[in-house]
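Trainee: Pasting a structure below so you can have a look.
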Amino acid sequence: MDPESEYLVLFDRGLVYELPQSDPRFVQVFDPANQIVTLLDRKTQVQTIIKTEDLLQFTAQIKASIQQNERSMLGLDAKVVPSQRVIGHSIQYGNLEYHATTTKPSDPTMAADYGRFFDLKSRIKMVQRMGPPPFGRMTLNRHIMTAGELPLEVMFTLSRGEQKHELRSKTEVDEMAPEDQEKIQEVRGMMGVYKKVEFQDFPRS
């Protein structure tokens, strides 16, 4: 079965490039050293820059605005526990359940780099209001990162009455290929020529 979506994530010289494979229109570049994330749109040839500080403040405001009776549904108080389904970790809240199979990379910095990337990616989704706030999933990500691990496969189950919908996300780790460097150079070229716009003016679709 073909995946619903597929992403190529490249780590190079301190930067992280996320390149969607099924629909390559939107590209994201994470720059932890300068504490910014750049979003690029191939279709309209525009780009916008978000400070990670602004992402942290925005998500903190969302968290503070959540009512007490909504906290458990969004996983704000959920705890990560050993999974009963896979060799790894799990978290459950509301009608959602995650089970993550993990591995320890030979280079511990890989776990930290990936964990920070995933955290910022999740915060961008919140700013763009793409679905409910993923606080529980972010808690699971922090737990995996703190353990010095990478998620190989994450099973996501959504329960609605008697029905259960399950999705899986898989992560494959490989060496940088020559064509990957070419893709990075292409993105760097886009960053040099695309028009800069404010975040609120950046296309969503």
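For the structure tokens, the naming scheme is as follows: chains receive sequential letters (A, B, ...) according to their order of presentation, residues are indexed from 1 within each chain, and ligands are indexed from 1 in presentation order.
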Show me, as a list in words, the residues that have an atom within 9 Å of Tyr93 of chain A when counting only C-alpha atoms, minus same-chain residues fewer than 5 positions from it.
Mentor: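 Everything that qualifies: Ser72, Met73, Leu74, Gly75, Leu76, Asp77, Ala78, Lys79 and Gly136 of chain A.
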Trainee: Find the residues near Lys196 of chain A: any atom within 10 Å, counting only C-alpha atoms, skip ones fewer than 2 places away on the same chain, and give them as an NGL selection string.
Mentor: :A and (38-40 or 45-49 or 191-194 or 198-199 or 201-202)
Trainee: Where in segment 43-133 of chain A does DSSP assign alpha helix (DSSP H), given as a PyMOL selection string?
Mentor: chain A and resi 52-65+71-74+108-127
Trainee: Pick out the residues sitting within 7 Å of Leu15 of chain A, and hand them over as an MDAnalysis selection string; count only C-alpha atoms, and ignore anything fewer than 5 positions along from it in its own chain.
Mentor: chainID A and resid 29:31
Trainee: Go through A:Glu18, A:Glu149, A:Glu97, A:Asp54 and flag the residue nearest Gly115 of chain A, using only C-alpha atoms for the distances.
Mentor: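 Nearest candidate to Gly115 of chain A out of A:Glu18, A:Glu149, A:Glu97, A:Asp54: A:Glu149.
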Trainee: When you look at Lys104 of chain A with a cut-off of 9 Å (counting only C-alpha atoms), what residues show up, excluding the ones that are within fewer than 6 positions of it in the same chain? I need them as a list of chain:residue names.
Mentor: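 That gives A:Ala111, A:Ala147, A:Gly148, A:Glu149, A:Leu150.
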Trainee: Neighbouring residues of Phe11 of chain A were defined as those with any atom within 10 Å, considering only C-alpha atoms; residues of the same chain fewer than 5 positions away were excluded. Please report them as a list in words.
Mentor: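 Skipping anything fewer than 5 positions along the chain leaves Val16, Tyr17, Glu18, Val29, Phe30, Met110, Asp113, Tyr114, Phe117, Met176 and Ile184 of chain A.
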Trainee: With segment 58-63 of chain A as the partner and 12 Å as the cut-off, tabulate the residues of segment 93-121 of chain A that qualify, each row holding the nearest pair of atoms and their distance in Å to one decimal, using only C-alpha atoms, sorted by chain and rising number, as JSON lines.
Mentor:
```
{"residue": "A:Asp119", "atom": "CA", "partner": "A:Thr59", "partner_atom": "CA", "distance": 11.0}
{"residue": "A:Leu120", "atom": "CA", "partner": "A:Thr59", "partner_atom": "CA", "distance": 10.4}
{"residue": "A:Lys121", "atom": "CA", "partner": "A:Thr59", "partner_atom": "CA", "distance": 12.0}
```
Trainee: Take the selection from the previous step and output its residues with N, CA, C and O atoms, as an mmCIF file, in the first residue's frame.
Mentor:
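The new file selection_18.cif reads:
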```cif
data_model
loop_
_atom_site.group_PDB
_atom_site.id
_atom_site.type_symbol
_atom_site.label_atom_id
_atom_site.label_comp_id
_atom_site.auth_asym_id
_atom_site.auth_seq_id
_atom_site.Cartn_x
_atom_site.Cartn_y
_atom_site.Cartn_z
ATOM 1 N N ASP A 119 9.677 18.721 17.273
ATOM 2 C CA ASP A 119 8.998 19.657 18.174
ATOM 3 C C ASP A 119 8.626 20.945 17.451
ATOM 4 O O ASP A 119 7.486 21.430 17.556
ATOM 5 N N LEU A 120 9.569 21.505 16.700
ATOM 6 C CA LEU A 120 9.290 22.744 15.972
ATOM 7 C C LEU A 120 8.261 22.514 14.874
ATOM 8 O O LEU A 120 7.390 23.357 14.637
ATOM 9 N N LYS A 121 8.342 21.387 14.201
ATOM 10 C CA LYS A 121 7.372 21.049 13.166
ATOM 11 C C LYS A 121 5.958 20.995 13.752
ATOM 12 O O LYS A 121 5.001 21.484 13.147
#
```
Trainee: A:Ser205, A:Val173, A:Arg85, A:Thr52: which is nearest Met130 of chain A, counting only C-alpha atoms?
Mentor: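 Residue with the minimum atom-to-atom distance to Met130 of chain A: A:Ser205.
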Trainee: Using only C-alpha atoms, which residue out of A:Leu96, A:Gly88, A:Gln67, A:Val187 lies closest to Glu166 of chain A?
Mentor: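 Among A:Leu96, A:Gly88, A:Gln67, A:Val187, it is A:Leu96 that comes nearest to Glu166 of chain A.
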Trainee: Between A:Gln68, A:Thr102, A:Asn34, A:Gln200, which residue has the minimum interatomic distance to Met145 of chain A, considering only C-alpha atoms?
Mentor: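 Going through A:Gln68, A:Thr102, A:Asn34, A:Gln200 one by one, the smallest distance to Met145 of chain A is for A:Thr102.
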Trainee: Could you work out how far atom CA of Met155 of chain A lies from atom CA of Thr103 of chain A, giving the answer in Å with one decimal?
Mentor: 15.2 Å
Trainee: Among segment 63-149 of chain A, which residues does DSSP mark as strand (DSSP E) when it is run on the backbone? Keep the chain and numbering as in the structure and answer as a VMD selection string.
Mentor: chain A and resid 81 to 82 88 to 93 96 to 103
Trainee: With only C-alpha atoms as the counted atoms, please give the residues lying no more than 8 Å from Arg42 of chain A, apart from itself and same-chain residues fewer than 6 positions off, as a list of chain:residue names.
Mentor: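 My list of contacting residues is A:Pro24, A:Arg25, A:Phe26, A:Val27.
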Trainee: Considering only C-alpha atoms, can you say which of A:Leu152, A:Gly131, A:Asn69, A:Gly14 comes closest to Pro105 of chain A?
Mentor: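 Comparing A:Leu152, A:Gly131, A:Asn69, A:Gly14 against Pro105 of chain A, the winner is A:Leu152.
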Trainee: Report as a list in words all protein, DNA and RNA residues lying within 8 Å of Leu140 of chain A, evaluated on only C-alpha atoms, omitting residues in the same chain fewer than 5 positions from it.
Mentor: Val80, His89, Ser90 and Ile91 of chain A
Trainee: When you count only C-alpha atoms, which of these residues is closest to Thr146 of chain A: A:Gln181, A:Asn95, A:Thr109, A:Ser5?
Mentor: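 Comparing A:Gln181, A:Asn95, A:Thr109, A:Ser5 against Thr146 of chain A, the winner is A:Thr109.
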